[in-house]
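Structure file my_file_14.cif with mmCIF, C-alpha atoms and all ligand atoms:
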data_entry
loop_
_atom_site.group_PDB
_atom_site.id
_atom_site.type_symbol
_atom_site.label_atom_id
_atom_site.label_comp_id
_atom_site.auth_asym_id
_atom_site.auth_seq_id
_atom_site.Cartn_x
_atom_site.Cartn_y
_atom_site.Cartn_z
ATOM 1 C CA MET A 10 -92.361 142.292 -29.192
ATOM 2 C CA SER A 11 -89.955 144.234 -31.370
ATOM 3 C CA ASP A 12 -86.953 142.270 -32.736
ATOM 4 C CA ASP A 13 -84.502 144.770 -31.308
ATOM 5 C CA VAL A 14 -85.569 144.055 -27.731
ATOM 6 C CA THR A 15 -83.646 141.255 -25.998
ATOM 7 C CA ILE A 16 -84.548 139.377 -22.825
ATOM 8 C CA ARG A 17 -81.498 138.209 -20.866
ATOM 9 C CA SER A 18 -80.464 137.295 -17.329
ATOM 10 C CA ALA A 19 -79.717 140.302 -15.181
ATOM 11 C CA GLU A 20 -76.165 141.208 -14.257
ATOM 12 C CA ARG A 21 -75.015 143.069 -11.195
ATOM 13 C CA SER A 22 -74.275 146.099 -13.383
ATOM 14 C CA ASP A 23 -77.995 146.321 -14.299
ATOM 15 C CA LEU A 24 -78.981 147.005 -10.702
ATOM 16 C CA GLU A 25 -79.046 150.795 -10.891
ATOM 17 C CA ALA A 26 -81.166 150.834 -14.073
ATOM 18 C CA VAL A 27 -83.493 148.235 -12.568
ATOM 19 C CA GLU A 28 -83.942 150.299 -9.406
ATOM 20 C CA ALA A 29 -84.829 153.298 -11.560
ATOM 21 C CA ALA A 30 -87.355 151.247 -13.566
ATOM 22 C CA LEU A 31 -89.001 149.916 -10.393
ATOM 23 C CA THR A 32 -89.116 153.363 -8.827
ATOM 24 C CA SER A 33 -90.734 154.830 -11.944
ATOM 25 C CA ALA A 34 -93.329 152.019 -11.811
ATOM 26 C CA ALA A 35 -93.927 152.696 -8.068
ATOM 27 C CA LEU A 36 -92.820 149.161 -7.136
ATOM 28 C CA PRO A 37 -90.898 148.384 -3.930
ATOM 29 C CA LEU A 38 -87.104 148.032 -3.831
ATOM 30 C CA ASP A 39 -87.174 146.096 -0.540
ATOM 31 C CA GLY A 40 -84.834 143.120 -0.602
ATOM 32 C CA LEU A 41 -83.876 143.750 -4.240
ATOM 33 C CA ARG A 42 -80.125 144.111 -3.688
ATOM 34 C CA GLU A 43 -79.974 140.876 -1.696
ATOM 35 C CA GLN A 44 -81.952 138.912 -4.292
ATOM 36 C CA PHE A 45 -80.612 140.473 -7.493
ATOM 37 C CA GLY A 46 -78.828 138.106 -9.899
ATOM 38 C CA GLU A 47 -79.575 135.420 -12.467
ATOM 39 C CA ALA A 48 -83.079 134.833 -11.100
ATOM 40 C CA PHE A 49 -83.935 138.248 -12.533
ATOM 41 C CA ALA A 50 -84.338 139.002 -16.226
ATOM 42 C CA VAL A 51 -84.067 142.323 -17.991
ATOM 43 C CA ALA A 52 -85.437 143.500 -21.318
ATOM 44 C CA VAL A 53 -82.820 145.531 -23.151
ATOM 45 C CA HIS A 54 -83.084 147.884 -26.118
ATOM 46 C CA ASP A 55 -80.054 149.597 -27.555
ATOM 47 C CA GLY A 56 -78.028 148.722 -24.462
ATOM 48 C CA LYS A 57 -80.607 150.187 -22.089
ATOM 49 C CA VAL A 58 -82.805 148.354 -19.590
ATOM 50 C CA ILE A 59 -86.472 148.907 -20.522
ATOM 51 C CA GLY A 60 -88.050 146.226 -18.351
ATOM 52 C CA VAL A 61 -87.408 143.797 -15.535
ATOM 53 C CA GLU A 62 -88.921 140.846 -13.705
ATOM 54 C CA GLY A 63 -87.422 138.565 -11.086
ATOM 55 C CA ILE A 64 -87.925 135.560 -8.853
ATOM 56 C CA GLU A 65 -86.971 135.136 -5.234
ATOM 57 C CA VAL A 66 -86.306 131.446 -4.632
ATOM 58 C CA TYR A 67 -87.529 129.959 -1.340
ATOM 59 C CA GLY A 68 -86.702 126.278 -1.245
ATOM 60 C CA GLU A 69 -88.884 124.580 -3.865
ATOM 61 C CA ASP A 70 -91.008 127.668 -4.497
ATOM 62 C CA GLY A 71 -90.514 131.047 -6.080
ATOM 63 C CA LEU A 72 -91.950 134.506 -5.526
ATOM 64 C CA LEU A 73 -92.302 136.446 -8.751
ATOM 65 C CA ARG A 74 -91.661 140.145 -8.193
ATOM 66 C CA SER A 75 -90.603 143.422 -9.758
ATOM 67 C CA ALA A 76 -92.502 143.090 -13.047
ATOM 68 C CA ALA A 77 -92.016 146.501 -14.627
ATOM 69 C CA VAL A 78 -91.748 147.928 -18.119
ATOM 70 C CA LEU A 79 -90.819 151.551 -18.769
ATOM 71 C CA ASP A 80 -93.870 153.663 -19.636
ATOM 72 C CA ALA A 81 -92.809 154.305 -23.227
ATOM 73 C CA TRP A 82 -92.478 150.567 -23.894
ATOM 74 C CA ARG A 83 -95.738 149.302 -22.401
ATOM 75 C CA GLY A 84 -98.326 147.478 -24.477
ATOM 76 C CA GLN A 85 -95.753 146.012 -26.885
ATOM 77 C CA GLY A 86 -95.370 142.542 -25.412
ATOM 78 C CA VAL A 87 -92.269 143.229 -23.313
ATOM 79 C CA GLY A 88 -93.985 142.344 -20.026
ATOM 80 C CA ASP A 89 -95.409 139.225 -21.637
ATOM 81 C CA ALA A 90 -91.948 138.116 -22.822
ATOM 82 C CA LEU A 91 -90.401 138.800 -19.409
ATOM 83 C CA THR A 92 -93.094 136.831 -17.592
ATOM 84 C CA ARG A 93 -92.864 133.851 -19.967
ATOM 85 C CA ASP A 94 -89.070 133.926 -19.645
ATOM 86 C CA ARG A 95 -89.248 133.830 -15.841
ATOM 87 C CA ILE A 96 -91.848 131.032 -15.823
ATOM 88 C CA ALA A 97 -89.578 129.001 -18.144
ATOM 89 C CA TRP A 98 -86.635 129.715 -15.821
ATOM 90 C CA ALA A 99 -88.648 128.531 -12.812
ATOM 91 C CA ARG A 100 -89.624 125.326 -14.621
ATOM 92 C CA ARG A 101 -86.009 124.625 -15.619
ATOM 93 C CA ARG A 102 -84.989 125.226 -12.048
ATOM 94 C CA GLY A 103 -87.554 122.611 -10.982
ATOM 95 C CA LEU A 104 -89.579 124.957 -8.778
ATOM 96 C CA ARG A 105 -92.899 123.572 -7.577
ATOM 97 C CA SER A 106 -94.921 126.785 -7.678
ATOM 98 C CA LEU A 107 -94.568 130.461 -8.405
ATOM 99 C CA PHE A 108 -96.371 132.892 -6.134
ATOM 100 C CA LEU A 109 -96.848 136.633 -6.391
ATOM 101 C CA LEU A 110 -98.436 139.555 -4.630
ATOM 102 C CA THR A 111 -99.939 142.382 -6.632
ATOM 103 C CA THR A 112 -102.048 145.464 -6.060
ATOM 104 C CA THR A 113 -102.018 146.548 -9.710
ATOM 105 C CA ALA A 114 -101.923 143.560 -12.057
ATOM 106 C CA GLY A 115 -104.401 141.009 -10.706
ATOM 107 C CA ASP A 116 -106.163 141.053 -14.084
ATOM 108 C CA TRP A 117 -102.921 140.559 -16.034
ATOM 109 C CA PHE A 118 -101.331 137.489 -14.470
ATOM 110 C CA PRO A 119 -104.215 135.026 -15.131
ATOM 111 C CA ARG A 120 -103.194 134.970 -18.825
ATOM 112 C CA PHE A 121 -100.044 133.135 -17.705
ATOM 113 C CA GLY A 122 -101.994 130.643 -15.588
ATOM 114 C CA PHE A 123 -101.815 132.405 -12.210
ATOM 115 C CA ALA A 124 -104.934 132.149 -10.063
ATOM 116 C CA VAL A 125 -105.877 133.869 -6.823
ATOM 117 C CA ALA A 126 -104.913 131.817 -3.780
ATOM 118 C CA ASP A 127 -105.512 132.052 -0.055
ATOM 119 C CA ARG A 128 -102.658 133.941 1.635
ATOM 120 C CA ASP A 129 -102.703 131.379 4.417
ATOM 121 C CA SER A 130 -101.757 128.695 1.875
ATOM 122 C CA ALA A 131 -98.374 130.368 1.225
ATOM 123 C CA PRO A 132 -95.367 128.241 2.184
ATOM 124 C CA VAL A 133 -93.762 129.497 5.385
ATOM 125 C CA ALA A 134 -90.541 130.623 3.656
ATOM 126 C CA VAL A 135 -92.518 132.658 1.112
ATOM 127 C CA ARG A 136 -94.553 134.198 3.906
ATOM 128 C CA ARG A 137 -91.348 135.325 5.608
ATOM 129 C CA SER A 138 -90.076 137.153 2.513
ATOM 130 C CA ARG A 139 -89.680 140.907 2.824
ATOM 131 C CA GLU A 140 -92.167 141.471 0.023
ATOM 132 C CA PHE A 141 -94.735 139.420 1.897
ATOM 133 C CA ALA A 142 -93.914 140.702 5.356
ATOM 134 C CA ASP A 143 -93.177 144.387 4.698
ATOM 135 C CA ALA A 144 -93.444 145.637 1.163
ATOM 136 C CA CYS A 145 -96.887 144.638 -0.093
ATOM 137 C CA PRO A 146 -100.018 145.811 1.707
ATOM 138 C CA SER A 147 -102.273 143.180 3.207
ATOM 139 C CA SER A 148 -104.870 144.150 0.606
ATOM 140 C CA ALA A 149 -102.561 142.860 -2.180
ATOM 141 C CA LEU A 150 -103.852 139.915 -4.179
ATOM 142 C CA PHE A 151 -101.961 136.664 -3.623
ATOM 143 C CA MET A 152 -101.660 134.449 -6.705
ATOM 144 C CA ARG A 153 -100.168 131.054 -7.494
ATOM 145 C CA LEU A 154 -99.014 129.237 -10.612
ATOM 146 C CA PRO A 155 -98.353 125.499 -10.112
ATOM 147 C CA LEU A 156 -95.322 124.384 -12.156
ATOM 148 C CA ASN A 157 -93.873 120.975 -11.453
ATOM 149 C CA GLY A 158 -96.193 119.509 -8.836
ATOM 150 C CA ASP A 159 -99.208 117.212 -9.154
ATOM 151 C CA ASP A 160 -101.561 120.021 -10.106
ATOM 152 C CA ALA A 161 -99.195 121.605 -12.645
ATOM 153 C CA HIS A 162 -100.179 122.057 -16.271
ATOM 154 C CA ASP A 163 -98.347 123.451 -19.296
HETATM 155 C C1 LIG A 201 -97.767 145.138 -15.868
HETATM 156 C C2 LIG A 201 -96.680 145.487 -16.903
HETATM 157 C C3 LIG A 201 -95.357 144.873 -16.475
HETATM 158 C C4 LIG A 201 -97.118 144.893 -18.250
HETATM 159 O O1 LIG A 201 -96.080 145.107 -19.196
HETATM 160 P P1 LIG A 201 -96.404 145.433 -20.736
HETATM 161 O O2 LIG A 201 -95.133 145.281 -21.483
HETATM 162 O O3 LIG A 201 -97.136 146.716 -20.832
HETATM 163 O O4 LIG A 201 -97.411 144.225 -21.073
HETATM 164 P P2 LIG A 201 -97.661 143.543 -22.481
HETATM 165 O O5 LIG A 201 -97.413 144.525 -23.578
HETATM 166 O O6 LIG A 201 -96.906 142.272 -22.553
HETATM 167 O O7 LIG A 201 -99.176 143.189 -22.375
HETATM 168 C C5 LIG A 201 -100.128 144.156 -22.698
HETATM 169 C C6 LIG A 201 -101.490 143.598 -22.332
HETATM 170 O O8 LIG A 201 -101.553 143.463 -20.902
HETATM 171 C C7 LIG A 201 -102.604 144.284 -20.407
HETATM 172 N N1 LIG A 201 -102.147 144.857 -19.148
HETATM 173 C C8 LIG A 201 -101.016 145.558 -18.940
HETATM 174 N N2 LIG A 201 -100.938 145.926 -17.653
HETATM 175 C C9 LIG A 201 -102.038 145.420 -17.048
HETATM 176 C C10 LIG A 201 -102.515 145.476 -15.702
HETATM 177 N N3 LIG A 201 -101.870 146.113 -14.739
HETATM 178 N N4 LIG A 201 -103.674 144.838 -15.419
HETATM 179 C C11 LIG A 201 -104.365 144.190 -16.390
HETATM 180 N N5 LIG A 201 -103.962 144.121 -17.693
HETATM 181 C C12 LIG A 201 -102.813 144.736 -18.000
HETATM 182 C C13 LIG A 201 -102.812 145.327 -21.501
HETATM 183 O O9 LIG A 201 -104.115 145.859 -21.427
HETATM 184 C C14 LIG A 201 -102.612 144.513 -22.757
HETATM 185 O O10 LIG A 201 -103.750 143.708 -22.970
HETATM 186 P P3 LIG A 201 -104.076 143.049 -24.414
HETATM 187 O O11 LIG A 201 -102.999 142.037 -24.706
HETATM 188 O O12 LIG A 201 -105.404 142.395 -24.192
HETATM 189 O O13 LIG A 201 -104.068 144.185 -25.393
HETATM 190 C C15 LIG A 201 -96.537 147.018 -17.106
HETATM 191 O O14 LIG A 201 -97.787 147.562 -17.432
HETATM 192 C C16 LIG A 201 -96.000 147.742 -15.880
HETATM 193 O O15 LIG A 201 -94.797 147.947 -15.760
HETATM 194 N N6 LIG A 201 -96.907 148.193 -14.967
HETATM 195 C C17 LIG A 201 -96.507 148.933 -13.780
HETATM 196 C C18 LIG A 201 -95.894 148.025 -12.740
HETATM 197 C C19 LIG A 201 -96.839 146.917 -12.309
HETATM 198 O O16 LIG A 201 -97.989 147.152 -11.977
HETATM 199 N N7 LIG A 201 -96.303 145.678 -12.287
HETATM 200 C C20 LIG A 201 -96.977 144.510 -11.774
HETATM 201 C C21 LIG A 201 -96.623 144.429 -10.344
HETATM 202 S S1 LIG A 201 -96.776 142.831 -9.668
#

Would you write out, as structure tokens, the structure that this file holds?
Amino acid sequence: MSDDVTIRSAERSDLEAVEAALTSAALPLDGLREQFGEAFAVAVHDGKVIGVEGIEVYGEDGLLRSAAVLDAWRGQGVGDALTRDRIAWARRRGLRSLFLLTTTAGDWFPRFGFAVADRDSAPVAVRRSREFADACPSSALFMRLPLNGDDAHD
């Protein structure tokens, strides 16, 4: 990733730019305002948000969501840096697992250790999330990355 791109925790003032980035990537905004804060990271270039990724925390687990990089910046490692940053955040936070739902990036997340999981294995709180309940179609792939539990690996 280019040296002049920074990954940092999101601030409330980033919300509008993040909504625009998600909309341009055709990703859902459901629940974003409620969840937005330090569990989200933004990639910034020249003061502008060029990418985002966030975690919704549900007890001991997290739901990774809103992974988006502006079109012009794709393929340069920004998404990779955002994902690694969020996984490190989840580990520091002591989360047991990260889950995600995706219709578009099922072939991308395995490089970070995510593997397809049975939807029925989702913790109840994760299953009740808006992303799970409303935003993602039932055809979306459900994936899990173990972090701090017995089956976690680095
Ligand atoms: C998915 C996304 C965040 C990746 O960000 P990025 O900055 O382009 O990714 P990186 O530059 O770090 O990684 C590029 C690599 O990932 C691969 N890749 C990117 N998007 C992919 C996808 N959707 N599926 C499979 N592989 C993908 C590229 O082919 C490239 O592979 P290589 O390393 O073998 O050359 C970005 O493409 C995006 O915003 N997509 C639209 C929104 C989306 O689908 N988000 C996921 C929703 S859960």

**Prompt:** Using only C-alpha atoms and all ligand atoms, what are the residues with an atom within 9 Å of ligand LIG 201 (chain A), set out as a PyMOL selection string?
**Reply:** chain A and resi 10+30-31+33-36+60-62+73-80+82-92+109-118+120

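Considering the residues A:Val125, A:Arg137, A:Asp143, A:Gly71 and counting all atoms listed in the file, A:Asn157 has its shortest atom-to-atom contact with A:Gly71.
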
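Nearest to A:Asp39 of all the residues A:Arg95, A:Leu154, A:Glu65, A:Arg100 is A:Glu65, counting only C-alpha atoms.
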
**Complete:** Expressed in Å, the length from atom CA of A:Pro37 to atom CA of A:Val133 is 21.3 Å

**Item:** Pick from A:Ala29, A:Val58, A:Arg102, A:Ile64 nearest to A:Phe45, counting all atoms listed in the file
**Value:** A:Ile64

**Message:** If the PyMOL selection byres (((chain A and resi 16) around 8) and not hetatm) were run on this exact file, what residues would it hold? Put them as a PyMOL selection string.
**Reply:** chain A and resi 14-15+17-18+50-53+90-91+94

**Message:** When you look at A:Glu20 with a cut-off of 8 Å (counting all atoms listed in the file), what residues show up, excluding the ones that are within fewer than 4 positions of it in the same chain? I need them as number ranges by chain.
**Reply:** A: 24, 46-47

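With distances restricted to all atoms listed in the file, A:Phe108 is the closest residue to A:Ala131 from A:Trp98, A:Phe49, A:Phe108, A:Tyr67.
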
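Here atom CA of A:Val66 stands at a distance of 17.7 Å from atom CA of A:Arg128.
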
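Coordinates place atom CA of A:Asp70 at a distance of 19.2 Å from atom CA of A:Ala149.
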
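Using only C-alpha atoms, the nearest neighbour of A:Arg136 within the list A:Phe151, A:Ser22, A:Arg42, A:Leu156 is A:Phe151.
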
**Item:** Contact residues around A:Gly68 with only C-alpha atoms at 10 Å, ignoring same-chain residues under 4 positions, as number ranges by chain
**Value:** A: 104-105, 132, 134-135

**Request:** Can you work out which one of A:Gly63, A:Pro119, A:Pro146, A:Pro155 has the shortest atom-to-atom distance to A:Leu107, counting only C-alpha atoms?
**Result:** A:Pro155

**Item:** A:Gly40 environment, 8 Å, all atoms listed in the file, sequence neighbours closer than 3 positions dropped, as a PyMOL selection string
**Value:** chain A and resi 43-44+139-140
